[in-house]
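> A single structure is presented below for examination.
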Amino acid sequence: MLRFQVQNTDNASSARTGVITTDHGVIETPIFMPVGTLGAVKAMHFKDLLEDTKAQIILGNTYHLYLRPGTDILERAGGLHRFNGWNKPILTDSGGYQVYSLAHRRKLEQEGVTFQSHIDGSRHMFSPERVIDIQRSIGADIMMAFDECTPYPCDKNYASDSLKTTHQWLLRCMKQYKATEPKYGYHQALFPIVQGSVYPDLRIKSAEEISALNAEGNAIGGLSVGEPIEKMYEITQLVCNILPKDKPRYLMGVGTPVNMLECIALGIDMFDCVMPTRNGRNGMIFTRNGIINIKNEKWKDDFSPIEAEGNSFVDTQYSKAYLRHLFVAGEMNGPMIASTHNLAFYLWLMNEARNNIRNGVFSEWKSSMVKKLATRL
RNA sequence: GGGGAGGUACCAGAGCGGUCAAAUGGGGCAGACUGUAAAUCUGUUGGCUAAGCCUUCGGAGGUUCGAAUCCUCCCCUCCCCA
């Protein structure tokens, strides 16, 4: 079983703290989950991920891991945990995001989605059943239902049809889930995903149907795909108010530090996003006082620490001028330090959020933080 | 001393009579990035009183309606031979 216990709730908002217990350990919520698509968080060592960023759970991706290294190798390794040596919880995305991001090289049908591999062009059919099987082979603690992450903008007819398909796929996923056993002796949960684009009635329908399934946790997908931020908050709020309070709520693919604080206030418990790692590799540094583009000339002689108050090794070990130098010179330490810092920052922000919820001052704290976090330095 | 090649924007390097303020790379500067086809991609990179004008292709002259491109002289690099 995957257990979730709500511990503290905020009076002024829907924010709450909680603990998710999995067979690979506990996860304190609200939490940010670093993305490790191919079984590795890009530019990061697990040692640093554990010690410096304090990551509690990471993501993997069904589509990518299926293509490389493939389920045969993963099974022979004894699952992804054994393969990559990450002994804490792992959540795998189902490939639903690739239905969106690789839209130009897939064919979507009622039965499932046929992808043309971005690596060698070979064709692969992803049905809901197949996606569950693959996630069983990967051995993720939390598996995601196969869905279509709809693009934005998305006309209502398309969104409505897509939602029907996603729900049928969900039922097939659950059937396959119940018909199969974990391969490595520990429990695997399955989270359904609410869809419906930016249409309130579709989202309500989706959230209600999914709530009735009584899954161990529930996710909201199809957001942060280019819609106005206010739409994202509006839909998140709408859905959070319907999804069961006693189960973790996971907002997929979100987001910026500000997005996360706003959505914690709406009742979200789990986040993941490539932003701290990808943008970090591209020179964007998130700090308590705002966002830095470390490649900018203005940092060339700023010898102050990356984050003087920061608690990760890299924050005080390296100066902004040095980090800029590494980026300008194309040294791989640049992206590594930036990724470590950004993840440490994201995880620190979650920790602060939890503390402020516990202390009953979340909303005030959030207001003061939001102003600083979005500042461009 | 003899023979040959060449000097183009920050660098490398195309262009060899008009469509050239000058391809392409690199470098510089800036921007983008939200369940990762990303250590990626995009824009910009002579000056200005800016849909136009001015000064640029080693230097000085010349031919021409028009020259980075043709001619003359000069300066400077590099290669081969002695």
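Order determines the names: the first chain of the structure tokens is A, the second B, and so forth; residues in each chain are numbered 1 upward, and ligands are numbered 1 upward as they are shown.
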Can you list, as number ranges by chain, all residues belonging to region 59-98 of chain A that DSSP tags as strand (DSSP E)?
A: 59-61, 90-93
> Store the residues of this selection in a file with N, CA, C and O atoms, as a CSV table (one decimal), in the first residue's frame.

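Below is the file selection39.csv, written as the result:
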```csv
chain,number,residue,atom,x,y,z
A,59,LEU,N,11.6,11.2,-10.9
A,59,LEU,CA,10.8,10.7,-12.0
A,59,LEU,C,11.7,9.9,-13.0
A,59,LEU,O,12.9,10.1,-13.1
A,60,GLY,N,11.0,9.0,-13.6
A,60,GLY,CA,11.5,8.3,-14.8
A,60,GLY,C,10.5,8.4,-15.9
A,60,GLY,O,9.3,8.8,-15.6
A,61,ASN,N,10.8,8.0,-17.1
A,61,ASN,CA,9.8,8.1,-18.2
A,61,ASN,C,9.6,6.8,-18.9
A,61,ASN,O,10.6,6.2,-19.4
A,90,ILE,N,10.5,6.2,-6.8
A,90,ILE,CA,10.6,6.6,-8.2
A,90,ILE,C,9.1,6.7,-8.7
A,90,ILE,O,8.3,5.8,-8.4
A,91,LEU,N,8.8,7.7,-9.4
A,91,LEU,CA,7.5,7.8,-10.1
A,91,LEU,C,7.8,7.8,-11.6
A,91,LEU,O,8.8,8.5,-12.1
A,92,THR,N,7.1,7.1,-12.4
A,92,THR,CA,7.3,7.1,-13.8
A,92,THR,C,6.1,7.7,-14.5
A,92,THR,O,4.9,7.4,-14.3
A,93,ASP,N,6.4,8.7,-15.4
A,93,ASP,CA,5.4,9.2,-16.3
A,93,ASP,C,5.1,8.1,-17.3
A,93,ASP,O,6.0,7.3,-17.7
```
> Could you give me, as a Markdown table, a per-residue list for chain A showing, wherever an atom lies at most 7 Å from an atom of chain B, the closest pair of atoms and their distance in Å to one decimal, using only C-alpha atoms (C1' of nucleotides) and sorting by chain then residue number from low to high?

```
| residue | atom | partner | partner_atom | distance |
| --- | --- | --- | --- | --- |
| A:Thr37 | CA | B:U36 | C1' | 6.6 |
| A:Asp93 | CA | B:G35 | C1' | 6.1 |
| A:Tyr97 | CA | B:G35 | C1' | 5.8 |
| A:His118 | CA | B:A37 | C1' | 5.8 |
| A:Ser224 | CA | B:U34 | C1' | 5.5 |
| A:Met252 | CA | B:G35 | C1' | 4.7 |
| A:Gly253 | CA | B:G35 | C1' | 4.5 |
| A:Val254 | CA | B:U34 | C1' | 5.3 |
| A:Gly255 | CA | B:U34 | C1' | 4.6 |
| A:Thr256 | CA | B:U34 | C1' | 6.7 |
| A:Asp272 | CA | B:G35 | C1' | 6.9 |
| A:Cys273 | CA | B:U34 | C1' | 6.0 |
| A:Val274 | CA | B:U36 | C1' | 6.3 |
| A:Met275 | CA | B:U34 | C1' | 6.1 |
| A:Asn279 | CA | B:C33 | C1' | 6.2 |
| A:Arg281 | CA | B:A39 | C1' | 6.2 |
| A:Met332 | CA | B:A39 | C1' | 6.8 |
| A:Pro335 | CA | B:A39 | C1' | 6.6 |
```
> Pick out the residues sitting within 8 Å of region 203-219 of chain A, and hand them over as a PyMOL selection string; count only C-alpha atoms (C1' of nucleotides), and ignore anything fewer than 3 positions along from it in its own chain.
chain A and resi 2-3+163+167+189-200+235+238-239+242-244+247-252
> Those residues you just picked out, can you put them in a file as a compact mmCIF listing (two decimals), in the first residue's frame with N, CA, C and O atoms?

```txt
# COMPACT_ATOMS: atom_id res chain seq x y z
N LEU A 2 0.30 2.26 -0.64
CA LEU A 2 0.89 3.58 -0.55
C LEU A 2 0.02 4.35 0.43
O LEU A 2 -1.20 4.41 0.26
N ARG A 3 0.62 4.86 1.48
CA ARG A 3 -0.17 5.57 2.49
C ARG A 3 0.05 7.07 2.37
O ARG A 3 1.15 7.51 2.05
N LEU A 163 -10.62 13.58 -23.81
CA LEU A 163 -10.91 13.22 -22.43
C LEU A 163 -11.60 11.85 -22.37
O LEU A 163 -11.27 11.02 -21.53
N HIS A 167 -10.07 8.65 -20.47
CA HIS A 167 -10.80 7.92 -19.42
C HIS A 167 -10.95 6.44 -19.75
O HIS A 167 -10.85 5.59 -18.86
N ALA A 189 1.90 1.90 -6.86
CA ALA A 189 0.61 2.59 -6.93
C ALA A 189 0.35 3.03 -8.37
O ALA A 189 1.27 3.09 -9.18
N LEU A 190 -0.91 3.30 -8.68
CA LEU A 190 -1.26 3.82 -10.00
C LEU A 190 -2.10 5.08 -9.82
O LEU A 190 -3.15 5.04 -9.19
N PHE A 191 -1.59 6.19 -10.36
CA PHE A 191 -2.32 7.45 -10.26
C PHE A 191 -3.04 7.76 -11.58
O PHE A 191 -2.40 7.77 -12.63
N PRO A 192 -4.34 8.02 -11.51
CA PRO A 192 -5.05 8.50 -12.70
C PRO A 192 -4.74 9.98 -12.93
O PRO A 192 -4.23 10.66 -12.02
N ILE A 193 -5.05 10.44 -14.13
CA ILE A 193 -4.73 11.83 -14.48
C ILE A 193 -5.97 12.56 -15.00
O ILE A 193 -6.60 12.13 -15.97
N VAL A 194 -6.29 13.66 -14.34
CA VAL A 194 -7.41 14.49 -14.76
C VAL A 194 -7.00 15.28 -16.00
O VAL A 194 -5.91 15.88 -16.04
N GLN A 195 -7.85 15.25 -17.03
CA GLN A 195 -7.59 16.06 -18.22
C GLN A 195 -8.81 16.96 -18.47
O GLN A 195 -9.66 17.11 -17.59
N GLY A 196 -8.89 17.54 -19.67
CA GLY A 196 -10.03 18.42 -19.97
C GLY A 196 -9.62 19.81 -20.39
O GLY A 196 -10.44 20.72 -20.42
N SER A 197 -8.31 19.95 -20.69
CA SER A 197 -7.80 21.24 -21.17
C SER A 197 -8.21 22.38 -20.23
O SER A 197 -8.12 22.20 -19.02
N VAL A 198 -8.64 23.49 -20.78
CA VAL A 198 -8.97 24.65 -19.91
C VAL A 198 -10.48 24.81 -19.76
O VAL A 198 -10.96 25.87 -19.36
N TYR A 199 -11.23 23.72 -20.05
CA TYR A 199 -12.69 23.81 -19.99
C TYR A 199 -13.21 23.31 -18.65
O TYR A 199 -13.11 22.12 -18.33
N PRO A 200 -13.76 24.23 -17.84
CA PRO A 200 -14.20 23.88 -16.49
C PRO A 200 -15.14 22.68 -16.45
O PRO A 200 -14.97 21.78 -15.62
N ILE A 235 -7.98 26.24 -13.20
CA ILE A 235 -8.31 24.82 -13.39
C ILE A 235 -7.78 23.99 -12.22
O ILE A 235 -8.46 23.08 -11.72
N LEU A 238 -10.13 24.43 -9.32
CA LEU A 238 -11.37 23.72 -9.60
C LEU A 238 -11.23 22.23 -9.33
O LEU A 238 -12.06 21.59 -8.66
N VAL A 239 -10.14 21.66 -9.84
CA VAL A 239 -9.94 20.22 -9.73
C VAL A 239 -9.58 19.82 -8.30
O VAL A 239 -10.07 18.81 -7.78
N ILE A 242 -12.35 19.13 -6.00
CA ILE A 242 -13.13 17.91 -6.23
C ILE A 242 -12.36 16.67 -5.81
O ILE A 242 -12.92 15.75 -5.20
N LEU A 243 -11.07 16.62 -6.11
CA LEU A 243 -10.27 15.43 -5.79
C LEU A 243 -10.27 15.18 -4.28
O LEU A 243 -10.30 16.11 -3.48
N PRO A 244 -10.26 13.89 -3.90
CA PRO A 244 -10.33 13.54 -2.47
C PRO A 244 -9.22 14.21 -1.65
O PRO A 244 -8.08 14.29 -2.10
N LYS A 247 -6.07 11.98 -0.34
CA LYS A 247 -5.13 11.36 -1.27
C LYS A 247 -4.22 12.45 -1.83
O LYS A 247 -4.65 13.61 -2.01
N PRO A 248 -2.96 12.11 -2.08
CA PRO A 248 -2.07 13.13 -2.63
C PRO A 248 -2.53 13.62 -4.00
O PRO A 248 -3.05 12.85 -4.80
N ARG A 249 -2.31 14.90 -4.22
CA ARG A 249 -2.65 15.52 -5.50
C ARG A 249 -1.35 15.97 -6.18
O ARG A 249 -0.55 16.70 -5.59
N TYR A 250 -1.22 15.51 -7.39
CA TYR A 250 0.04 15.73 -8.13
C TYR A 250 -0.26 16.58 -9.36
O TYR A 250 -1.02 16.19 -10.22
N LEU A 251 0.35 17.75 -9.41
CA LEU A 251 0.19 18.64 -10.57
C LEU A 251 1.37 18.42 -11.51
O LEU A 251 2.50 18.82 -11.21
N MET A 252 1.09 17.81 -12.63
CA MET A 252 2.17 17.35 -13.50
C MET A 252 2.81 18.47 -14.32
O MET A 252 2.12 19.28 -14.94
```
> With a distance cut-off of 10 Å and only C-alpha atoms (C1' of nucleotides), select the neighbouring residues of Thr287 (chain A), excluding the residue or stretch itself and same-chain residues fewer than 3 positions from it, and output the selection as a ChimeraX atom specification.
/A:257,284,290-292,306-310,315,341-342,345-346,349,372-375,377
> Tell me which protein, DNA and RNA residues are within 10 Å of Phe362 (chain A), counting only C-alpha atoms (C1' of nucleotides), leaving out same-chain ones fewer than 5 positions away, and put them as a list in words.
Thr9, Asp10, Asn11, Ala12, Ser13, Ala15, Arg16, Leu261, Ile264, Ala265, Glu352, Ala353, Arg354, Asn355, Asn356, Ile357 and Ser367 of chain A
> Determine, counting only C-alpha atoms (C1' of nucleotides), which protein, DNA and RNA residues have an atom within 8 Å of an atom of Thr236 (chain A); residues of the same chain fewer than 5 positions away are not included. Present the result as a compact mmCIF listing (two decimals) with all heavy atoms, in the first residue's frame.

```txt
# COMPACT_ATOMS: atom_id res chain seq x y z
N ILE A 220 -3.12 15.86 -11.93
CA ILE A 220 -3.73 16.81 -12.86
C ILE A 220 -2.73 17.01 -13.99
O ILE A 220 -1.58 17.43 -13.75
CB ILE A 220 -4.01 18.17 -12.18
CG1 ILE A 220 -4.87 17.96 -10.93
CG2 ILE A 220 -4.69 19.12 -13.16
CD1 ILE A 220 -5.02 19.21 -10.07
N LEU A 251 0.35 17.75 -9.41
CA LEU A 251 0.19 18.64 -10.57
C LEU A 251 1.37 18.42 -11.51
O LEU A 251 2.50 18.82 -11.21
CB LEU A 251 0.12 20.10 -10.11
CG LEU A 251 -0.06 21.14 -11.22
CD1 LEU A 251 -1.30 20.87 -12.06
CD2 LEU A 251 -0.13 22.55 -10.62
N CYS A 263 0.16 26.99 -6.31
CA CYS A 263 -0.60 25.75 -6.41
C CYS A 263 -0.61 24.96 -5.10
O CYS A 263 -1.55 24.20 -4.84
CB CYS A 263 -0.09 24.91 -7.57
SG CYS A 263 -0.47 25.70 -9.17
N LEU A 266 -3.49 26.01 -3.41
CA LEU A 266 -4.73 25.47 -3.97
C LEU A 266 -4.94 24.01 -3.57
O LEU A 266 -5.97 23.41 -3.89
CB LEU A 266 -4.72 25.59 -5.50
CG LEU A 266 -4.57 27.03 -6.03
CD1 LEU A 266 -4.46 27.01 -7.56
CD2 LEU A 266 -5.73 27.90 -5.58
```
> Could you give me the residues within region 181-331 of chain A that DSSP places in helix (DSSP H, G or I), as a PyMOL selection string?
chain A and resi 200-212+229-240+257-265+275-281+297-299+313-317+320-328
> Need to verify the contact set: region 1-13 of chain B, 12 Å, only C-alpha atoms (C1' of nucleotides), exclusion of same-chain residues closer than 4 positions in sequence. Can you return it as a CSV table (one decimal) with C-alpha atoms (C1' of nucleotides), in the first residue's frame?

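Written file, selection-v2.csv:
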```csv
chain,number,residue,atom,x,y,z
B,20,C,C1',27.4,43.8,-51.1
B,21,A,C1',27.2,46.9,-45.0
B,22,A,C1',29.5,42.1,-47.6
B,23,A,C1',27.8,34.4,-47.4
B,24,U,C1',29.2,30.8,-43.6
B,25,G,C1',31.7,29.3,-38.9
B,26,G,C1',33.6,30.9,-34.4
B,27,G,C1',33.6,34.6,-30.7
B,28,G,C1',30.7,38.6,-28.3
B,45,U,C1',26.7,41.7,-33.8
B,46,G,C1',30.3,49.1,-38.7
B,56,U,C1',34.1,50.4,-44.6
B,57,C,C1',37.1,45.0,-47.9
B,58,G,C1',46.1,46.7,-46.5
B,59,G,C1',47.5,52.2,-48.4
B,68,A,C1',35.8,44.5,-52.1
B,69,U,C1',35.9,42.9,-57.3
B,75,C,C1',53.4,48.8,-47.7
B,76,C,C1',53.0,44.1,-45.3
B,77,U,C1',52.5,38.6,-44.6
B,78,C,C1',53.3,33.5,-45.9
B,79,C,C1',55.3,29.3,-49.0
B,80,C,C1',59.1,27.0,-52.3
B,81,C,C1',64.0,27.3,-54.5
B,82,A,C1',69.1,29.4,-53.9
```
> Figure out the distance between CA of Gly226 (chain A) and CA of Ser160 (chain A), please, to one decimal in Å.
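That distance, rounded to one decimal, is 18.8 Å.
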> Measure the distance from CA of Ser368 (chain A) to CA of Met350 (chain A) in Å and round it to one decimal.
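Taking CA of Ser368 (chain A) as the start and CA of Met350 (chain A) as the end point, the length is 15.2 Å.
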